[in-house]
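S.K.: As input, take upload32.txt (compact mmCIF, C-alpha atoms):
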# COMPACT_ATOMS: atom_id res chain seq x y z
CA MET A 50 14.22 -51.44 64.67
CA LYS A 51 10.69 -50.33 63.97
CA ILE A 52 11.92 -46.78 63.51
CA TYR A 53 14.44 -47.88 60.85
CA PHE A 54 11.77 -49.91 59.11
CA LEU A 55 9.37 -46.95 59.04
CA ILE A 56 12.10 -44.68 57.66
CA PHE A 57 12.95 -47.23 54.98
CA LEU A 58 9.28 -47.63 54.06
CA SER A 59 8.83 -43.88 53.86
CA PHE A 60 11.83 -43.63 51.55
CA ILE A 61 10.40 -46.28 49.20
CA LEU A 62 6.98 -44.59 49.10
CA PHE A 63 8.57 -41.20 48.46
CA SER A 64 10.67 -42.62 45.60
CA CYS A 65 7.63 -44.25 44.02
CA SER A 66 5.73 -41.01 44.31
CA LYS A 67 8.54 -39.05 42.60
CA LYS A 68 8.77 -41.63 39.81
CA THR A 69 5.00 -41.52 39.24
CA ASP A 70 5.10 -37.74 39.19
CA SER A 71 8.04 -37.79 36.77
CA ASP A 72 6.31 -40.30 34.49
CA SER A 73 3.17 -38.17 34.57
CA LYS A 74 5.10 -35.04 33.58
CA THR A 75 6.89 -36.92 30.79
CA LEU A 76 3.56 -38.19 29.43
CA GLU A 77 2.05 -34.72 29.71
CA SER A 78 5.03 -33.23 27.86
CA LYS A 79 4.79 -35.81 25.06
CA THR A 80 1.05 -35.21 24.74
CA LEU A 81 1.59 -31.46 24.58
CA ASP A 82 4.32 -31.81 21.94
CA SER A 83 2.04 -34.09 19.90
CA THR A 84 -0.83 -31.62 20.13
CA VAL A 85 1.34 -28.70 19.09
CA LYS A 86 2.73 -30.69 16.17
CA LYS A 87 -0.73 -31.72 14.99
CA SER A 88 -1.95 -28.12 15.29
CA ALA A 89 1.00 -26.92 13.21
CA GLU A 90 0.28 -29.58 10.59
CA LEU A 91 -3.36 -28.57 10.54
CA ARG A 92 -2.48 -24.91 10.09
CA THR A 93 -0.16 -25.77 7.23
CA SER A 94 -2.87 -27.87 5.60
CA VAL A 95 -5.45 -25.10 5.95
CA SER A 96 -2.96 -22.51 4.69
CA ASP A 97 -2.10 -24.55 1.63
CA SER A 98 -5.71 -25.39 0.75
CA TYR A 99 -6.77 -21.83 -0.06
CA GLN A 100 -4.35 -21.81 -3.00
CA ALA A 101 -5.78 -24.97 -4.54
CA GLY A 102 -7.17 -23.11 -7.55
CA PHE A 103 -4.20 -20.80 -8.07
CA HIS A 104 -2.26 -23.30 -10.25
CA LEU A 105 1.05 -22.52 -8.56
CA THR A 106 4.19 -24.61 -8.37
CA HIS A 107 5.89 -22.21 -5.92
CA ASN A 108 8.91 -22.36 -8.21
CA ILE A 109 9.64 -18.69 -8.86
CA GLU A 110 11.23 -19.45 -12.21
CA VAL A 111 8.25 -21.52 -13.40
CA ASP A 112 5.26 -19.54 -12.11
CA SER A 113 4.55 -16.33 -13.99
CA ILE A 114 2.41 -13.26 -13.41
CA ASP A 115 1.63 -10.71 -16.11
CA GLY A 116 4.10 -12.33 -18.48
CA LYS A 117 7.03 -12.28 -16.06
CA PRO A 118 8.39 -15.08 -13.86
CA VAL A 119 7.53 -14.62 -10.19
CA LYS A 120 11.28 -14.39 -9.60
CA PHE A 121 11.12 -10.91 -11.18
CA TYR A 122 8.89 -9.72 -8.33
CA ILE A 123 10.15 -11.84 -5.43
CA GLU A 124 13.76 -10.81 -5.93
CA ASN A 125 12.91 -7.12 -6.15
CA LYS A 126 14.40 -5.60 -2.98
CA ASN A 127 11.27 -3.48 -2.53
CA CYS A 128 8.85 -6.40 -2.69
CA ASP A 129 6.70 -6.53 0.43
CA SER A 130 7.46 -9.51 2.69
CA LEU A 131 3.77 -10.18 3.34
CA ALA A 132 3.16 -10.37 -0.41
CA ILE A 133 5.94 -12.94 -0.67
CA ALA A 134 4.39 -14.90 2.20
CA PHE A 135 1.06 -14.89 0.33
CA TYR A 136 2.65 -16.32 -2.80
CA TYR A 137 4.26 -19.17 -0.86
CA GLY A 138 1.00 -19.93 0.96
CA LYS A 139 2.42 -18.85 4.32
CA TYR A 140 -0.13 -16.09 4.84
CA ARG A 141 -3.82 -16.48 4.16
CA PRO A 142 -5.81 -13.22 4.01
CA THR A 143 -8.33 -12.90 6.81
CA ASP A 144 -10.30 -10.16 8.55
CA ASP A 145 -7.36 -8.27 10.07
CA ASN A 146 -5.16 -5.22 9.52
CA LEU A 147 -2.45 -7.25 7.81
CA THR A 148 -4.86 -8.15 5.03
CA GLU A 149 -5.91 -4.53 4.69
CA ASN A 150 -2.26 -3.48 4.32
CA LEU A 151 -1.54 -6.31 1.89
CA LEU A 152 -4.41 -5.49 -0.46
CA ALA A 153 -3.66 -1.77 -0.36
CA LEU A 154 -0.35 -2.52 -2.10
CA SER A 155 -2.25 -3.00 -5.37
CA SER A 156 -2.42 0.77 -5.89
CA THR A 157 1.33 1.31 -5.57
CA ASN A 158 3.03 3.65 -8.01
CA ASP A 159 5.77 1.06 -8.49
CA LYS A 160 4.92 -0.22 -11.96
CA ASN A 161 7.31 -3.16 -11.60
CA LEU A 162 5.62 -4.59 -8.51
CA ARG A 163 2.04 -3.49 -9.19
CA PRO A 164 1.14 -6.56 -11.35
CA PHE A 165 2.23 -8.84 -8.52
CA TYR A 166 0.19 -6.94 -5.95
CA ARG A 167 -2.81 -6.81 -8.30
CA TRP A 168 -2.56 -10.58 -8.69
CA ILE A 169 -2.72 -10.94 -4.91
CA LEU A 170 -5.79 -8.71 -4.77
CA ASP A 171 -7.43 -10.68 -7.57
CA LYS A 172 -6.75 -14.02 -5.86
CA THR A 173 -8.06 -12.66 -2.57
CA ILE A 174 -11.24 -11.60 -4.35
CA GLU A 175 -11.55 -15.17 -5.68
CA ILE A 176 -11.43 -16.72 -2.21
CA SER A 177 -13.42 -14.02 -0.42
CA ASP A 178 -16.38 -15.11 1.63
CA GLY A 179 -17.80 -14.24 5.02
CA ALA A 180 -15.83 -11.61 6.93
CA LEU A 181 -12.99 -11.59 4.38
CA ALA A 182 -15.33 -10.22 1.71
CA GLU A 183 -15.41 -6.93 3.63
CA TYR A 184 -11.77 -6.22 2.73
CA PRO A 185 -11.08 -6.38 -1.05
CA GLY A 186 -13.82 -3.97 -2.17
CA ILE A 187 -12.10 -0.69 -1.38
CA PRO A 188 -8.65 -1.73 -2.71
CA ALA A 189 -10.33 -2.97 -5.90
CA ARG A 190 -12.19 0.30 -6.31
CA LYS A 191 -9.05 2.38 -5.65
CA TYR A 192 -7.11 0.37 -8.20
CA ALA A 193 -9.91 0.82 -10.75
CA GLU A 194 -10.01 4.57 -10.17
CA LYS A 195 -6.24 5.01 -10.31
CA PHE A 196 -5.36 2.61 -13.15
CA PRO A 197 -8.51 2.11 -15.29
CA GLU A 198 -6.70 1.18 -18.50
CA GLU A 199 -4.57 -1.41 -16.71
CA LEU A 200 -7.67 -2.81 -15.06
CA PHE A 201 -9.59 -3.25 -18.31
CA ASN A 202 -6.60 -4.95 -19.95
CA PHE A 203 -6.38 -7.25 -16.93
CA LEU A 204 -10.11 -8.03 -16.98
CA ASP A 205 -10.06 -8.61 -20.74
CA SER A 206 -7.30 -11.22 -20.38
CA ASP A 207 -9.89 -13.52 -18.79
CA THR A 208 -12.08 -14.67 -21.66
CA SER A 209 -14.54 -16.36 -19.31
CA LYS A 210 -15.54 -12.92 -17.94
CA THR A 211 -15.53 -14.41 -14.44
CA ARG A 212 -12.89 -11.94 -13.33
CA TYR A 213 -15.05 -9.02 -14.46
CA SER A 214 -18.02 -10.16 -12.40
CA ASN A 215 -15.75 -10.96 -9.44
CA TRP A 216 -14.43 -7.40 -9.39
CA THR A 217 -17.74 -5.65 -9.90
CA ASP A 218 -19.41 -7.88 -7.31
CA ILE A 219 -16.77 -7.24 -4.65
CA ILE A 220 -16.79 -3.48 -5.26
CA SER A 221 -20.58 -3.54 -5.07
CA TYR A 222 -20.38 -5.45 -1.80
CA SER A 223 -17.60 -3.71 0.10
CA GLY A 224 -16.26 -0.85 -2.04
CA PHE A 225 -17.87 1.98 -0.11
CA TYR A 226 -15.77 4.89 1.15
CA GLU A 227 -16.57 6.42 4.55
CA ASN A 228 -18.29 9.44 3.03
CA ASP A 229 -20.40 7.39 0.58
CA ASP A 230 -24.14 7.23 1.05
CA TYR A 231 -25.20 3.61 0.51
CA ASN A 232 -28.66 4.78 -0.50
CA LYS A 233 -27.35 7.00 -3.30
CA PRO A 234 -25.61 4.67 -5.77
CA LYS A 235 -25.90 7.18 -8.63
CA LEU A 236 -23.83 9.69 -6.67
CA ILE A 237 -21.21 7.03 -5.90
CA ARG A 238 -21.10 6.04 -9.58
CA THR A 239 -20.61 9.65 -10.60
CA LYS A 240 -17.65 10.10 -8.24
CA MET A 241 -16.05 6.82 -9.28
CA GLU A 242 -16.58 7.54 -12.97
CA ALA A 243 -14.98 10.98 -12.63
CA GLU A 244 -11.88 9.51 -11.01
CA MET A 245 -11.51 6.81 -13.67
CA ILE A 246 -11.97 9.23 -16.56
CA LYS A 247 -9.42 11.60 -15.00
CA ASN A 248 -6.83 8.80 -15.15
CA SER A 249 -7.60 7.45 -18.62
CA SER A 250 -8.27 8.46 -22.20
CA THR A 251 -11.67 9.72 -23.35
CA LYS A 252 -12.15 6.63 -25.54
CA LEU A 253 -12.90 4.63 -22.39
CA GLN A 254 -15.77 6.83 -21.16
CA ASN A 255 -18.54 4.49 -22.28
CA ARG A 256 -16.80 1.47 -20.86
CA ILE A 257 -16.16 3.25 -17.59
CA ALA A 258 -19.82 4.20 -17.37
CA LYS A 259 -20.79 0.54 -17.83
CA PHE A 260 -18.23 -0.65 -15.27
CA THR A 261 -19.30 1.83 -12.59
CA SER A 262 -22.93 0.98 -13.24
CA ASP A 263 -22.16 -2.69 -12.67
CA CYS A 264 -20.29 -1.82 -9.48
CA PHE A 265 -23.00 0.41 -8.03
CA PRO A 266 -26.35 -0.42 -9.66
CA ASP A 267 -29.50 1.37 -8.57
CA VAL A 268 -30.56 -1.82 -6.78
CA ASN A 269 -27.47 -2.87 -4.86
CA LYS A 270 -26.45 -6.52 -5.11
CA ILE A 271 -26.35 -6.75 -1.32
CA ASP A 272 -30.12 -6.25 -1.26
CA GLN A 273 -30.89 -8.83 -3.94
As a first step, turn the structure in this file into structure tokens.
M.R.:
Amino acid sequence: MKIYFLIFLSFILFSCSKKTDSDSKTLESKTLDSTVKKSAELRTSVSDSYQAGFHLTHNIEVDSIDGKPVKFYIENKNCDSLAIAFYYGKYRPTDDNLTENLLALSSTNDKNLRPFYRWILDKTIEISDGALAEYPGIPARKYAEKFPEELFNFLDSDTSKTRYSNWTDIISYSGFYENDDYNKPKLIRTKMEAEMIKNSSTKLQNRIAKFTSDCFPDVNKIDQ
């Protein structure tokens, strides 16, 4: 009789133990799901916040870039998927290779998509700080060297002149090529000026000289 009682007692204890373990796993699972959900919500919130000053509706027929609805760019079969993700706030530029690839698109020879990619570069320059500021300088400089007339038209469209200072500041900060000597800004200016003049009309020479001087002054802005 005692043996049966002990077996019965053991069965009850084992069942309680399994239930407790099951309840514990269920609670752990719910907690994990809640944490993951909150993390996802946080990421979405952070992702959306960087576009606060972009004045976007994310309606491709309402938002416009360079006089064309965003639909014109988004529905182009050659439009880069990362660029589309940037527009929708799904990808925030950071200090990684994806950002480098994204910003390099601004110098594309595709004249239909180039305004869209330039807009992305410009907005990235606007939000650049910390490690991210290391990335837009070279793409901005390459765009300036390759499409100087486009650049000046783009800069002139901002009457506040904030865009001009944003571009010259970022090039001054991180627009150095590997073979550039940081301590020889005049030499860097000369090379940049030559490239810009090669790709523009002679009437822009004085303006190019001013722009390159603002990008690479004799006393670099990093040192000030």
S.K.: Which residue is closest to Glu175 of chain A? Choose from A:Ser156, A:Asn215, A:Thr251, A:Asn125 and count all atoms listed in the file.
M.R.: A:Asn215
S.K.: Which distance in Å separates atom CA of Lys191 of chain A and atom CA of Pro164 of chain A, to one decimal?
M.R.: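 Going from atom CA of Lys191 of chain A over to atom CA of Pro164 of chain A, I get 14.7 Å.
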S.K.: With distances taken over only C-alpha atoms, which of A:Val111, A:Ile169, A:Leu154, A:Ile237 is nearest to Phe135 of chain A?
M.R.: A:Ile169
S.K.: State, in Å with one decimal place, the distance from atom CA of Glu242 of chain A to atom CA of Lys195 of chain A.
M.R.: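 For atom CA of Glu242 of chain A relative to atom CA of Lys195 of chain A, the distance reads 11.0 Å.
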S.K.: Identify, on the basis of all atoms listed in the file, every residue whose closest approach to Ser223 of chain A does not exceed 10 Å; exclude the query and any residue fewer than 2 positions from it along the same chain; express the result as a count of residues only.
M.R.: 16
S.K.: Tell me, as an NGL selection string, which residues lie within 10 Å of segment 202-204 of chain A, counting only C-alpha atoms; anything in the same chain fewer than 3 positions away does not count.
M.R.: :A and (115 or 164 or 167-168 or 197-199 or 207-216)
S.K.: Here is a test: counting all atoms listed in the file, which residue of A:Asn255, A:Lys247, A:Tyr140, A:Val268 is nearest to Lys233 of chain A?
M.R.: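 Ranking A:Asn255, A:Lys247, A:Tyr140, A:Val268 by distance to Lys233 of chain A, first place goes to A:Val268.
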S.K.: Report, as JSON, the centre and edge lengths in Å (one decimal) of the axis-aligned box enclosing every listed atom of segment 219-236 of chain A, padded by 4 Å on each side.
M.R.:
{"center_x": -22.2, "center_y": 1.2, "center_z": -2.0, "size_x": 20.9, "size_y": 24.9, "size_z": 21.2}
S.K.: Between A:Asn158, A:Asn108, A:Asn150, A:Ser98, which is the closest to Gly138 of chain A once you count all atoms listed in the file?
M.R.: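 The shortest atom-to-atom distance to Gly138 of chain A comes from A:Ser98.
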S.K.: State, in Å with one decimal place, the distance from atom CA of Leu181 of chain A to atom CA of Thr261 of chain A.
M.R.: 22.5 Å
S.K.: May I ask which of the residues A:Tyr231, A:Met241, A:Tyr192, A:Thr106 is the closest one to Tyr136 of chain A, counting all atoms listed in the file?
M.R.: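 Ranking A:Tyr231, A:Met241, A:Tyr192, A:Thr106 by distance to Tyr136 of chain A, first place goes to A:Thr106.
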